[in-house]
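> Dropping the structure in here first, questions after.
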Amino acid sequence: MNKKRLLFIILSIFLLTAPYLFETRYSQHVLILVLLYVTLGSAWNILGGFAGQLSVGHAAFFGIGAYSAAILASKTSLSPWLGLALGPVVALPVALIVGRICFRLRGPYFTLATIAVSEVVRLVALNWRDLTGGAVGVVIRPSVFSGTDKVPYYYVILVMAVGTVALCQWISRRKLGYFLMAVREDEETAESIGIDTTRYKLIALSLSAAITALAGAFYANYFLFVDPTVVLPLALSVEIVLIAIIGGLGTVPGPVLGAVLLKLSSEVFRNYFEQANLLIYGALLILVILFMPDGLMGGFKKFLTGDKRRVTG
Amino acid sequence: MPLFEVKDLTKRFGGLVAVESLTFQVEEGETVSIIGPNGAGKTTVFNLVAGFHQPTRGEVVFRGQNLIGKKPHQIALAGIGRTFQLVKPLRGLTVFENILVGAFAGATSDAEAREIAEDILAFTSLDSLRDAVADKLPIGLRKRLELARSLATRPKLILLDEVMSGLNPSESKEAVELIKRLRDDRGISAVAGVEHVMQVVMSISDRVIVLNHGRKIAEGRPEEVAKNREVITAYLGE
Ligand SMILES: Nc1ncnc2c1ncn2[C@@H]1O[C@H](COP(=O)(O)OP(=O)(O)O)[C@@H](O)[C@H]1O
Ligand SMILES: [Mg+2]
């Protein structure tokens, strides 16, 4: 317990002071990216890891959040930061409609449906030019954190990432977390003990989508530009899934580890070859599947404690 | 008024009539066995009552409330628990977590759920396996966990589909004891589906219903049913 507390304190100090430890704009940028993906991976994990509903369409919610913030900023004189609130508000009803449709399907059919939905969202963004600017996208004027200082952005995304991880930790120990795991393990069993499986899948999707849209709205404010190829690609959906799987599906620290490892390594290797991302992810995925079928978290646990999950009696 | 009542319950699968005009009642605190050879329709009855299948015709009334058209989770919350013939543990969760999930469904608070789960863990003598992962349990213990998870929802009536099958003699003895204690200690009514007529099963049943090809061919006290000519024919052939 004491070791855990020490680790927690060291980590807190590191996170709070990180932008001053790494003063170059590039390293601050990498920190922000890592935290963005910690948020995305953890949000996805609520639906995909806890509830076992493997969505490969989360770019749709990210894009909806990003476009909401960007359009609000470009069409009104309101602060683009209001988009942080607007993103989840727009994403929620979309998530509920998507859930009503996709949750009729199970397993791989559900996954295919989420891909289809996100493609529909992408095509809407591409063709609804009056609203979205089509392929040209939307440019936002920098307003609040003027100039080029990255530090304020760091603290905003830090709050989002820590908040999301804390929410996951909280859920994992409560009724909600247990119900989602029951849904993942066996829907008929879950129903047989009184769990409204449709309702709980919708709750997981709503939480997951709202946070993903919030992260999208942050992205728009940070990059000051959105278009369908950057905020709505299938590759983004896949990247989010891989972060959670490589880190450890359904565990709280998993997506955190996954995001740190994947984003850092892709940044390192980007300097050597273009499109390093996909290559790195592919290689890591194969390694993890071969040597740590429960992801990095599972691997660590086994390493630290020996496999505890065995029948002893 | 009986606790539980099935009236004219009928289920067709295409041309096959799996359950035909079945009517029976269960009183409070009563243990009723539905016996019948493989394919007689026992599991189908359970699936109809628990809301996993929709009946072609008929009524299921529990504490004065008609359950037809309700979803499985609504029926569970109304107070009818069930086990599955092919056990369905929450595989990745531990024994305690499996029971806890059931307890959460019926409890009003976190603390209450944990209390219920502890109680059921002790009641079913699964304490020593508390942290074992359900997936790794041998079949006998999985069957017991199946019962424990359902009990954690605190049902008034529990549907036990083949709780004895696949158990060795000492395990089935334990299972019989457990079922007896359901009624005697907890006042829970039970309907047990049983394919093989064993003496032990007869000993725990207040009443026995015999199904053959979806139809009720006999009903009564265990010793009466055991002497029934039609029942003997159904089991032994002509
Ligand atoms: N989902 C289903 N679809 C079609 N036929 C079914 C289905 N479930 C059960 N049956 C048929 O209904 C009959 C009764 O089966 P079942 O209720 O499983 O009997 P028991 O539990 O007494 O062995 C069998 O002939 C079986 O093949
Ligand atoms: Mg059966």
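Identifiers for the structure tokens are assigned positionally: chains receive A, B, ... in sequence, residues are indexed from 1 per chain, and ligands are indexed from 1 in the order shown.
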Hey, could you make a per-residue contact list for chain A against chain B with 10 Å as the cut-off, showing the nearest pair of atoms and its distance in Å to one decimal, counting only C-alpha atoms, sorted by chain and number, as a Markdown table?

| residue | atom | partner | partner_atom | distance |
| --- | --- | --- | --- | --- |
| A:Arg173 | CA | B:Asp110 | CA | 9.7 |
| A:Arg174 | CA | B:Asp110 | CA | 7.4 |
| A:Lys175 | CA | B:Phe104 | CA | 6.3 |
| A:Leu176 | CA | B:Phe104 | CA | 9.3 |
| A:Gly177 | CA | B:Val101 | CA | 9.6 |
| A:Tyr178 | CA | B:Val101 | CA | 6.0 |
| A:Phe179 | CA | B:Val101 | CA | 6.6 |
| A:Leu180 | CA | B:Val101 | CA | 9.9 |
| A:Met181 | CA | B:Leu90 | CA | 8.2 |
| A:Ala182 | CA | B:Leu90 | CA | 6.2 |
| A:Val183 | CA | B:Leu90 | CA | 8.9 |
| A:Arg184 | CA | B:Leu90 | CA | 8.5 |
| A:Glu185 | CA | B:Leu90 | CA | 5.1 |
| A:Asp186 | CA | B:Leu90 | CA | 6.2 |
| A:Glu187 | CA | B:Leu90 | CA | 9.4 |
| A:Glu188 | CA | B:Lys88 | CA | 8.3 |
| A:Thr189 | CA | B:Lys88 | CA | 6.3 |
| A:Ala190 | CA | B:His73 | CA | 7.9 |
| A:Glu191 | CA | B:His73 | CA | 4.5 |
| A:Ser192 | CA | B:His73 | CA | 5.8 |
| A:Ile193 | CA | B:Gly102 | CA | 5.5 |
| A:Gly194 | CA | B:His73 | CA | 3.9 |
| A:Ile195 | CA | B:His73 | CA | 5.4 |
| A:Asp196 | CA | B:His73 | CA | 5.7 |
| A:Thr197 | CA | B:His73 | CA | 8.2 |
| A:Lys308 | CA | B:Ala132 | CA | 8.5 |
| A:Arg309 | CA | B:Val133 | CA | 5.7 |
| A:Arg310 | CA | B:Ala132 | CA | 5.5 |
| A:Val311 | CA | B:Ala132 | CA | 4.7 |
| A:Thr312 | CA | B:Ala132 | CA | 6.8 |
| A:Gly313 | CA | B:Leu129 | CA | 5.8 |
> Taking only C-alpha atoms and all ligand atoms into account, which residues have an atom no farther than 9 Å from ligand 2? I'd like them as a PyMOL selection string.
chain B and resi 37-44+46+84-86+161-162+193-195
> In terms of the shortest atom-to-atom distance over only C-alpha atoms, which of B:Glu118, B:Val201, B:Ala192, B:Thr233 is closest to Glu177 (chain B)?
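Using only C-alpha atoms, Glu177 (chain B) sits closest to B:Val201.
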> Just give me the gap between CA of Thr132 (chain A) and CA of Ser79 (chain A) in Å, one decimal is fine.
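Taking CA of Thr132 (chain A) as the start and CA of Ser79 (chain A) as the end point, the length is 18.2 Å.
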> Please return, as a ChimeraX atom specification, all residues of region 50-238 of chain B that DSSP assigns to helix (DSSP H, G or I) on the basis of the backbone.
/B:72-78,95-106,110-123,127-129,134-136,139-151,169-186,199-204,222-227,229-236
> Between B:Ile204, B:Leu9, B:Ala218, B:Leu160, which residue has the minimum interatomic distance to Thr56 (chain B), considering only C-alpha atoms?
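Result for the nearest residue to Thr56 (chain B): B:Leu9.
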> Report as a short mmCIF file (atom, residue, chain, number, x, y, z; two decimals) with all heavy atoms, in the first residue's frame: the residues of region 63-145 of chain B with a DSSP assignment of strand (DSSP E or B), based on the backbone of this structure.

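Contents of the output file result-v8.cif:
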data_model
loop_
_atom_site.label_atom_id
_atom_site.label_comp_id
_atom_site.auth_asym_id
_atom_site.auth_seq_id
_atom_site.Cartn_x
_atom_site.Cartn_y
_atom_site.Cartn_z
N GLN B 65 -49.30 -11.25 -10.75
CA GLN B 65 -48.89 -10.39 -11.85
C GLN B 65 -48.62 -11.26 -13.09
O GLN B 65 -47.91 -12.27 -12.99
CB GLN B 65 -47.59 -9.68 -11.42
CG GLN B 65 -47.10 -8.63 -12.37
CD GLN B 65 -45.70 -8.15 -11.98
OE1 GLN B 65 -45.04 -8.73 -11.11
NE2 GLN B 65 -45.23 -7.11 -12.64
N ASN B 66 -49.20 -10.88 -14.23
CA ASN B 66 -48.96 -11.65 -15.45
C ASN B 66 -47.58 -11.31 -16.01
O ASN B 66 -47.25 -10.16 -16.21
CB ASN B 66 -50.04 -11.35 -16.49
CG ASN B 66 -49.97 -12.32 -17.66
OD1 ASN B 66 -49.06 -13.16 -17.73
ND2 ASN B 66 -50.92 -12.21 -18.57
N ILE B 80 -38.15 -13.99 -9.60
CA ILE B 80 -37.95 -15.36 -10.09
C ILE B 80 -36.50 -15.52 -10.55
O ILE B 80 -36.06 -14.85 -11.48
CB ILE B 80 -38.91 -15.68 -11.26
CG1 ILE B 80 -40.36 -15.57 -10.79
CG2 ILE B 80 -38.62 -17.08 -11.81
CD1 ILE B 80 -41.38 -15.95 -11.84
N GLY B 81 -35.77 -16.37 -9.88
CA GLY B 81 -34.39 -16.63 -10.27
C GLY B 81 -34.32 -17.86 -11.15
O GLY B 81 -35.27 -18.65 -11.20
N ARG B 82 -33.22 -18.01 -11.87
CA ARG B 82 -33.09 -19.22 -12.68
C ARG B 82 -31.62 -19.63 -12.78
O ARG B 82 -30.72 -18.82 -12.63
CB ARG B 82 -33.62 -18.99 -14.10
CG ARG B 82 -32.67 -18.21 -14.98
CD ARG B 82 -33.01 -18.35 -16.45
NE ARG B 82 -32.85 -19.71 -16.93
CZ ARG B 82 -33.11 -20.09 -18.17
NH1 ARG B 82 -33.58 -19.22 -19.05
NH2 ARG B 82 -32.94 -21.33 -18.55
N THR B 94 -14.38 -13.59 -10.54
CA THR B 94 -14.17 -14.56 -9.48
C THR B 94 -15.52 -15.06 -8.95
O THR B 94 -16.57 -14.51 -9.28
CB THR B 94 -13.41 -13.94 -8.29
OG1 THR B 94 -14.25 -12.92 -7.72
CG2 THR B 94 -12.09 -13.33 -8.72
N VAL B 133 -11.27 -17.90 -10.15
CA VAL B 133 -11.95 -17.42 -11.34
C VAL B 133 -12.95 -18.48 -11.81
O VAL B 133 -12.62 -19.66 -11.89
CB VAL B 133 -10.94 -17.10 -12.45
CG1 VAL B 133 -11.66 -16.72 -13.74
CG2 VAL B 133 -10.05 -15.95 -12.00
#
> Using only C-alpha atoms for the distances, tell me which of B:Leu67, B:Leu48, B:Val32, B:Ile232 is nearest to Ser203 (chain B).
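When distances to Ser203 (chain B) are compared using only C-alpha atoms, the smallest one comes from B:Val32.
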> Between CA of Pro2 (chain B) and CA of Gln54 (chain B), what distance in Å does the model show, to one decimal?
22.6 Å
> If you count only C-alpha atoms, which residues fall within 12 Å of Tyr67 (chain A), apart from same-chain ones fewer than 2 positions away, as a count of residues only?
53
> With only C-alpha atoms as the counted atoms, please give the residues lying no more than 9 Å from region 28-35 of chain A, apart from itself and same-chain residues fewer than 4 positions off, as a list in words.
Ala18, Pro19, Tyr20, Phe22, Glu23, Thr24, Thr39, Leu40, Lys150, Val151, Tyr153, Tyr154, Tyr155, Ile157, Leu158, Met160, Ala161, Val162, Val256, Ala259, Val260, Leu261, Leu262, Lys263, Leu264 and Glu267 of chain A
> Selected residues, N, CA and C atoms, written as a compact mmCIF listing (two decimals), in the first residue's frame, please.

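Saved result, part34.txt, follows:
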# COMPACT_ATOMS: atom_id res chain seq x y z
N ALA A 18 5.47 18.55 -15.34
CA ALA A 18 6.02 18.06 -16.61
C ALA A 18 6.34 19.15 -17.65
N PRO A 19 5.42 20.13 -17.88
CA PRO A 19 5.73 21.11 -18.93
C PRO A 19 6.94 21.97 -18.59
N TYR A 20 7.33 22.00 -17.29
CA TYR A 20 8.52 22.76 -16.94
C TYR A 20 9.76 21.89 -16.93
N PHE A 22 10.06 19.52 -19.28
CA PHE A 22 10.31 19.40 -20.72
C PHE A 22 9.94 20.73 -21.35
N GLU A 23 10.93 21.56 -21.57
CA GLU A 23 10.59 22.92 -21.95
C GLU A 23 10.45 23.16 -23.44
N THR A 24 10.96 22.22 -24.26
CA THR A 24 10.82 22.48 -25.70
C THR A 24 9.37 22.34 -26.10
N THR A 39 -6.91 9.85 -22.62
CA THR A 39 -8.34 10.15 -22.50
C THR A 39 -9.16 9.30 -23.46
N LEU A 40 -8.73 9.25 -24.72
CA LEU A 40 -9.48 8.50 -25.73
C LEU A 40 -9.51 7.01 -25.43
N LYS A 150 2.08 26.44 -25.11
CA LYS A 150 1.39 25.16 -25.05
C LYS A 150 1.02 24.77 -23.61
N VAL A 151 1.62 25.45 -22.65
CA VAL A 151 1.44 25.03 -21.27
C VAL A 151 -0.03 24.99 -20.81
N TYR A 153 -2.67 24.48 -22.53
CA TYR A 153 -3.31 23.32 -23.16
C TYR A 153 -2.96 22.04 -22.42
N TYR A 154 -1.70 21.99 -22.00
CA TYR A 154 -1.26 20.81 -21.25
C TYR A 154 -2.14 20.59 -20.02
N TYR A 155 -2.38 21.67 -19.28
CA TYR A 155 -3.14 21.50 -18.04
C TYR A 155 -4.61 21.16 -18.31
N ILE A 157 -5.78 19.37 -20.88
CA ILE A 157 -5.89 17.95 -21.25
C ILE A 157 -5.48 17.05 -20.07
N LEU A 158 -4.61 17.57 -19.21
CA LEU A 158 -4.27 16.80 -18.01
C LEU A 158 -5.51 16.56 -17.15
N MET A 160 -8.59 16.55 -18.16
CA MET A 160 -9.48 15.60 -18.85
C MET A 160 -8.99 14.17 -18.68
N ALA A 161 -7.69 13.96 -18.86
CA ALA A 161 -7.14 12.61 -18.80
C ALA A 161 -7.28 12.04 -17.39
N VAL A 162 -6.88 12.82 -16.40
CA VAL A 162 -6.94 12.35 -15.02
C VAL A 162 -8.41 12.11 -14.62
N VAL A 256 -3.86 3.67 -20.28
CA VAL A 256 -2.85 4.66 -19.94
C VAL A 256 -1.49 4.17 -20.44
N ALA A 259 -1.38 4.11 -24.25
CA ALA A 259 -1.23 5.43 -24.87
C ALA A 259 0.20 5.91 -24.74
N VAL A 260 0.79 5.74 -23.57
CA VAL A 260 2.17 6.19 -23.37
C VAL A 260 3.10 5.45 -24.32
N LEU A 261 2.98 4.14 -24.33
CA LEU A 261 3.88 3.33 -25.16
C LEU A 261 3.69 3.63 -26.65
N LEU A 262 2.44 3.63 -27.10
CA LEU A 262 2.20 3.78 -28.53
C LEU A 262 2.53 5.19 -29.02
N LYS A 263 2.10 6.20 -28.28
CA LYS A 263 2.34 7.55 -28.77
C LYS A 263 3.83 7.90 -28.71
N LEU A 264 4.48 7.51 -27.61
CA LEU A 264 5.91 7.81 -27.52
C LEU A 264 6.69 7.09 -28.61
N GLU A 267 6.19 8.58 -31.98
CA GLU A 267 6.89 9.86 -32.13
C GLU A 267 8.39 9.63 -32.36
> At what distance in Å, to one decimal, does atom 18 (O, counted along the ligand's line) of ligand 1 lie from CA of Phe24 (chain B)?
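These atoms are spaced 18.8 Å apart.
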> From the options A:Leu36, A:Leu234, A:Ala66, A:Ile171, which residue's atoms come nearest to Thr114 (chain A), counting only C-alpha atoms?
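Closest to Thr114 (chain A), using only C-alpha atoms: A:Leu234.
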> Pick from B:Glu230, B:Glu20, B:Glu112, B:Asp184: nearest to ligand 1, with only C-alpha atoms and all ligand atoms counted?
B:Glu20
> Just the residues within 12 Å of Leu202 (chain A), please, counting only C-alpha atoms, with nothing from its chain fewer than 5 positions along; format it as a list of chain:residue names.
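These residues fall inside the cut-off: A:Ile46, A:Leu47, A:Ala51, A:Gln53, A:Leu92, A:Pro93, A:Val94, A:Ala95, A:Leu96, A:Ile97, A:Val98, A:Gly99, A:Arg100, A:Ile101, A:Cys102, A:Phe103, A:Arg104, A:Leu176, A:Leu180, A:Val183, A:Asp196, A:Thr197, A:Leu207, A:Ser208, A:Ala209, A:Ala210.
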> Can you spit out the residues from that selection as a compact mmCIF listing (two decimals), in the first residue's frame, using C-alpha atoms?

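Saved the output as part_19.txt:
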# COMPACT_ATOMS: atom_id res chain seq x y z
CA ILE A 46 -15.66 1.93 -20.72
CA LEU A 47 -17.62 0.58 -23.68
CA ALA A 51 -18.93 -3.72 -21.38
CA GLN A 53 -18.78 -3.89 -27.01
CA LEU A 92 -24.96 12.20 -26.77
CA PRO A 93 -28.13 12.00 -28.88
CA VAL A 94 -26.08 10.60 -31.74
CA ALA A 95 -24.72 7.94 -29.39
CA LEU A 96 -28.20 7.04 -28.20
CA ILE A 97 -29.49 6.65 -31.75
CA VAL A 98 -26.41 4.67 -32.78
CA GLY A 99 -26.83 2.47 -29.71
CA ARG A 100 -30.47 1.75 -30.42
CA ILE A 101 -29.48 0.53 -33.86
CA CYS A 102 -26.11 -1.15 -33.27
CA PHE A 103 -26.93 -2.91 -29.98
CA ARG A 104 -29.40 -5.09 -31.84
CA LEU A 176 -22.08 0.01 -12.78
CA LEU A 180 -20.94 -3.81 -17.48
CA VAL A 183 -22.86 -7.82 -19.89
CA ASP A 196 -31.28 -4.52 -18.15
CA THR A 197 -28.51 -5.24 -20.64
CA LEU A 207 -20.27 7.97 -21.19
CA SER A 208 -17.73 6.75 -23.69
CA ALA A 209 -19.06 8.90 -26.53
CA ALA A 210 -19.42 12.04 -24.41
> Tell me which of A:Leu167, A:Leu249, A:Leu278, A:Val268 sits closest to Gly298 (chain A), counting only C-alpha atoms.
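Among the listed residues, A:Leu249 lies closest to Gly298 (chain A).
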